[in-house]
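Data first, discussion second: the structure below is written as structure tokens.
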Amino acid sequence: MQLDRFRDHPSLSFVDWSLRGVGQVVFQNNPLSGLVILLALAWNSWIYAAICILGVISSTATALLLKADRGMMRDGLYGFNGALVGLALIAFTSEDFRTGAVPSAAMAVYLICAAAFTTMAFASMGAVLRPHKVAPLTMPFVLVGWLFLFAVLKFDAIDAGPMAKPISPEQFSETVPYVLSTWYEGIGTSIGQIFFQDNWISGYVILVAIALNSRICAAMGLLGAIVGTVTAALYGGPEGAVRDGLFGYNSALTAMALGGVFLVLTWRSLLYAVFGAVVASWLWASVAIFLKPIGMPVLTSTFVLVTWLMLLGQGAFKALVPVLPAKSTPEENRARYPGREMLH
């Protein structure tokens with residue numbers, strides 16, 4: 001493939017792997033998707049784009065230094081958790097969540113080390129989960145993100161910032177009414193919030209980036225964002241939280257994971273994915289309330305929990321066909337397993 005020509009290039013391969021790492025946040029093993037995602041971040045804030053690059057380089061370079069599995073490095077699988085940890089540390093310690101802030105020297109070192117640590121966490125979780133045929137997903141990011149955000153509060157050399165961004169539905173007004181912009185901004189921002197982008201335009205650009213590699217993934221991501229947003233609205237979620245995409249980003253990831261990435265997309269797995277997206281939306285509120293006393297954000301924990309629970313037991317359900325996500329797109333998976341809907 002034309003997009004693979006730099007994968008083993010003597011001088012550009014690391015760039016290719018890093019861009020794939022950015023794309024793998026949303027399951028896209030495609031350097032062009034990663035590049036467009038970086039442009040989407042830069043549209044909102046060049047700081048976030050730069051931090052994403054720093055995080056993915058740190059985690060990927062750590063894997064390279066430690067001689068991790070080359071195939072996994074080539075697919076960007078050691079990069080995406082590092083990118084997310086970097087973004088989270090800036091997002092939740094900056095005065096302005098929307099744009100982030102240029103990190104101090106101490107924070108930059110801290111961020112690089114946190115991103116590097118996700119490489120070890122990814123390998124360790126992968127070893128534990130391998131017998132169960134379930135991927136670590138973004139749990140290395142969630143775990144390392146929580147641990148390093150906790151520690152920030154104890155170090156005077158790092159400004160913890162106001163942690164000003166609301167992280168619980170209780171922190172939003174219950175009286176603000178839903179309007180048209182609540183819907184299109186909430187759905188777009190749901191996609192943006194996967195990368196901590198409080199910007200609905202960036203979210204829709206990220207959808208374009210996903211579609212460059214897989215239209216099925218883009219459709220499922222959009223569907224998941226819609227399902228999460230609508231579910232929150234039907235159950236009386238605060239307008240501000242819905243508009244900020246907080247109920248939708250875990251749902252978008254869950255819908256992509258179950259609707260073509262880890263399972264061949266059929267009408268049954270589509271319903272399975274939509275159900276997962278609904279549950280992920282509900283659980284965002286549940287986990288947010290649980291974590292509020294300790295001041296920690298949900299991150300992508302509900303996506304991981306719901307997806308793990310729905311994949312660990314998938315062997316009991318003959319209507320579901322598991323696949324190796326890094327090796328093919330949802331479109332290729334469907335082509336490889338024709339007639340599954342009729343068989344089941």
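Just remember, in the structure tokens the first chain shown is A, the second B, etc., residues are 1-based per chain, and ligands are 1-based in the order shown.
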
Select from segment 212-327 of chain A every residue with an atom at most 12 Å from any atom of segment 79-99 of chain A, then for each give the shortest pair of atoms and their distance in Å to one decimal, using only C-alpha atoms, rows by chain and rising number, as CSV.
residue,atom,partner,partner_atom,distance
A:Asp244,CA,A:Arg98,CA,10.6
A:Gly295,CA,A:Phe92,CA,10.4
A:Met296,CA,A:Phe92,CA,9.3
A:Pro297,CA,A:Phe92,CA,8.5
A:Val298,CA,A:Ala88,CA,10.9
A:Leu299,CA,A:Ala88,CA,8.1
A:Thr300,CA,A:Leu84,CA,9.8

Can you build me a table of segment 119-218 of chain A residues sitting at most 9 Å from segment 248-271 of chain A, with the closest atom pair per residue and its distance in Å to one decimal, using only C-alpha atoms, sorted by chain and residue number, as a tab-separated table?
residue	atom	partner	partner_atom	distance
A:Gly186	CA	A:Gly248	CA	7.8
A:Ile187	CA	A:Gly248	CA	7.0
A:Thr189	CA	A:Tyr249	CA	8.0
A:Ser190	CA	A:Tyr249	CA	4.4
A:Ile191	CA	A:Tyr249	CA	5.6
A:Gly192	CA	A:Tyr249	CA	7.7
A:Gln193	CA	A:Tyr249	CA	5.9
A:Ile194	CA	A:Tyr249	CA	5.6
A:Ile216	CA	A:Gly260	CA	7.2
A:Cys217	CA	A:Met256	CA	5.5
A:Ala218	CA	A:Met256	CA	7.9

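Atom pair atom CA of Phe303 of chain A / atom CA of Leu137 of chain A: separated by 9.0 Å.
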
What is the distance, in Å and to one decimal place, between atom CA of Cys52 of chain A and atom CA of Met72 of chain A? 19.4 Å

Picked from segment 12-149 of chain A by DSSP as helix (DSSP H, G or I), as an MDAnalysis selection string: chainID A and resid 13:24 31:44 46:65 70:74 80:91 105:132 139:149

Excluding Leu283 of chain A and residues on its chain fewer than 5 positions from it, collect all residues at most 9 Å away from it, counting only C-alpha atoms, and give them as a compact mmCIF listing (two decimals) with C-alpha atoms, in the first residue's frame.
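selection09.txt was written with the following content:
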# COMPACT_ATOMS: atom_id res chain seq x y z
CA PHE A 247 -21.56 11.85 28.01
CA VAL A 278 -25.84 3.48 25.91
CA ALA A 288 -17.85 10.72 37.63
CA THR A 302 -16.04 3.69 31.17
CA PHE A 303 -15.15 2.85 27.57
CA VAL A 306 -17.81 -1.60 29.11

Quick one: residues within 7 Å of Asn29 of chain A, only C-alpha atoms counted, chain neighbours fewer than 5 positions away excluded, as a ChimeraX atom specification? /A:20,23-24,75-76,326

Just-selected residues, N, CA, C and O atoms written as a PDB file, in the first residue's frame:
ATOM      1  N   ARG A  20       0.886   6.857  13.345  1.00  0.00           N
ATOM      2  CA  ARG A  20      -0.045   5.749  13.546  1.00  0.00           C
ATOM      3  C   ARG A  20      -0.482   5.676  15.014  1.00  0.00           C
ATOM      4  O   ARG A  20      -1.625   5.332  15.318  1.00  0.00           O
ATOM      5  N   GLY A  23      -3.242   8.018  15.472  1.00  0.00           N
ATOM      6  CA  GLY A  23      -4.446   7.439  14.875  1.00  0.00           C
ATOM      7  C   GLY A  23      -5.032   6.306  15.697  1.00  0.00           C
ATOM      8  O   GLY A  23      -6.258   6.118  15.740  1.00  0.00           O
ATOM      9  N   GLN A  24      -4.163   5.538  16.383  1.00  0.00           N
ATOM     10  CA  GLN A  24      -4.648   4.384  17.139  1.00  0.00           C
ATOM     11  C   GLN A  24      -5.462   4.767  18.359  1.00  0.00           C
ATOM     12  O   GLN A  24      -6.141   3.919  18.941  1.00  0.00           O
ATOM     13  N   ASP A  75       2.703  -0.650  14.068  1.00  0.00           N
ATOM     14  CA  ASP A  75       1.262  -0.386  14.023  1.00  0.00           C
ATOM     15  C   ASP A  75       0.845   0.769  14.933  1.00  0.00           C
ATOM     16  O   ASP A  75      -0.343   1.068  15.049  1.00  0.00           O
ATOM     17  N   GLY A  76       1.807   1.380  15.627  1.00  0.00           N
ATOM     18  CA  GLY A  76       1.493   2.520  16.486  1.00  0.00           C
ATOM     19  C   GLY A  76       0.898   2.153  17.825  1.00  0.00           C
ATOM     20  O   GLY A  76       0.410   3.034  18.559  1.00  0.00           O
ATOM     21  N   ALA A 326      -5.680  -4.651  14.772  1.00  0.00           N
ATOM     22  CA  ALA A 326      -4.543  -3.928  14.200  1.00  0.00           C
ATOM     23  C   ALA A 326      -4.204  -4.414  12.801  1.00  0.00           C
ATOM     24  O   ALA A 326      -3.455  -3.766  12.072  1.00  0.00           O
TER      25      ALA A 326
END

Find the residues near segment 124-131 of chain A: any atom within 12 Å, counting only C-alpha atoms, skip ones fewer than 5 places away on the same chain, and give them as a PyMOL selection string. chain A and resi 68-69+72+77-78+117-119+136-141+143+308+311-312

Between A:Leu153, A:Pro330, A:Ala135, A:Leu66, single out the one closest to Ala219 of chain A, counting only C-alpha atoms. A:Pro330

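Nearest residue to Phe14 of chain A, choosing from A:Ser33, A:Leu64, A:Ser214, A:Asn44 and counting only C-alpha atoms: A:Leu64.
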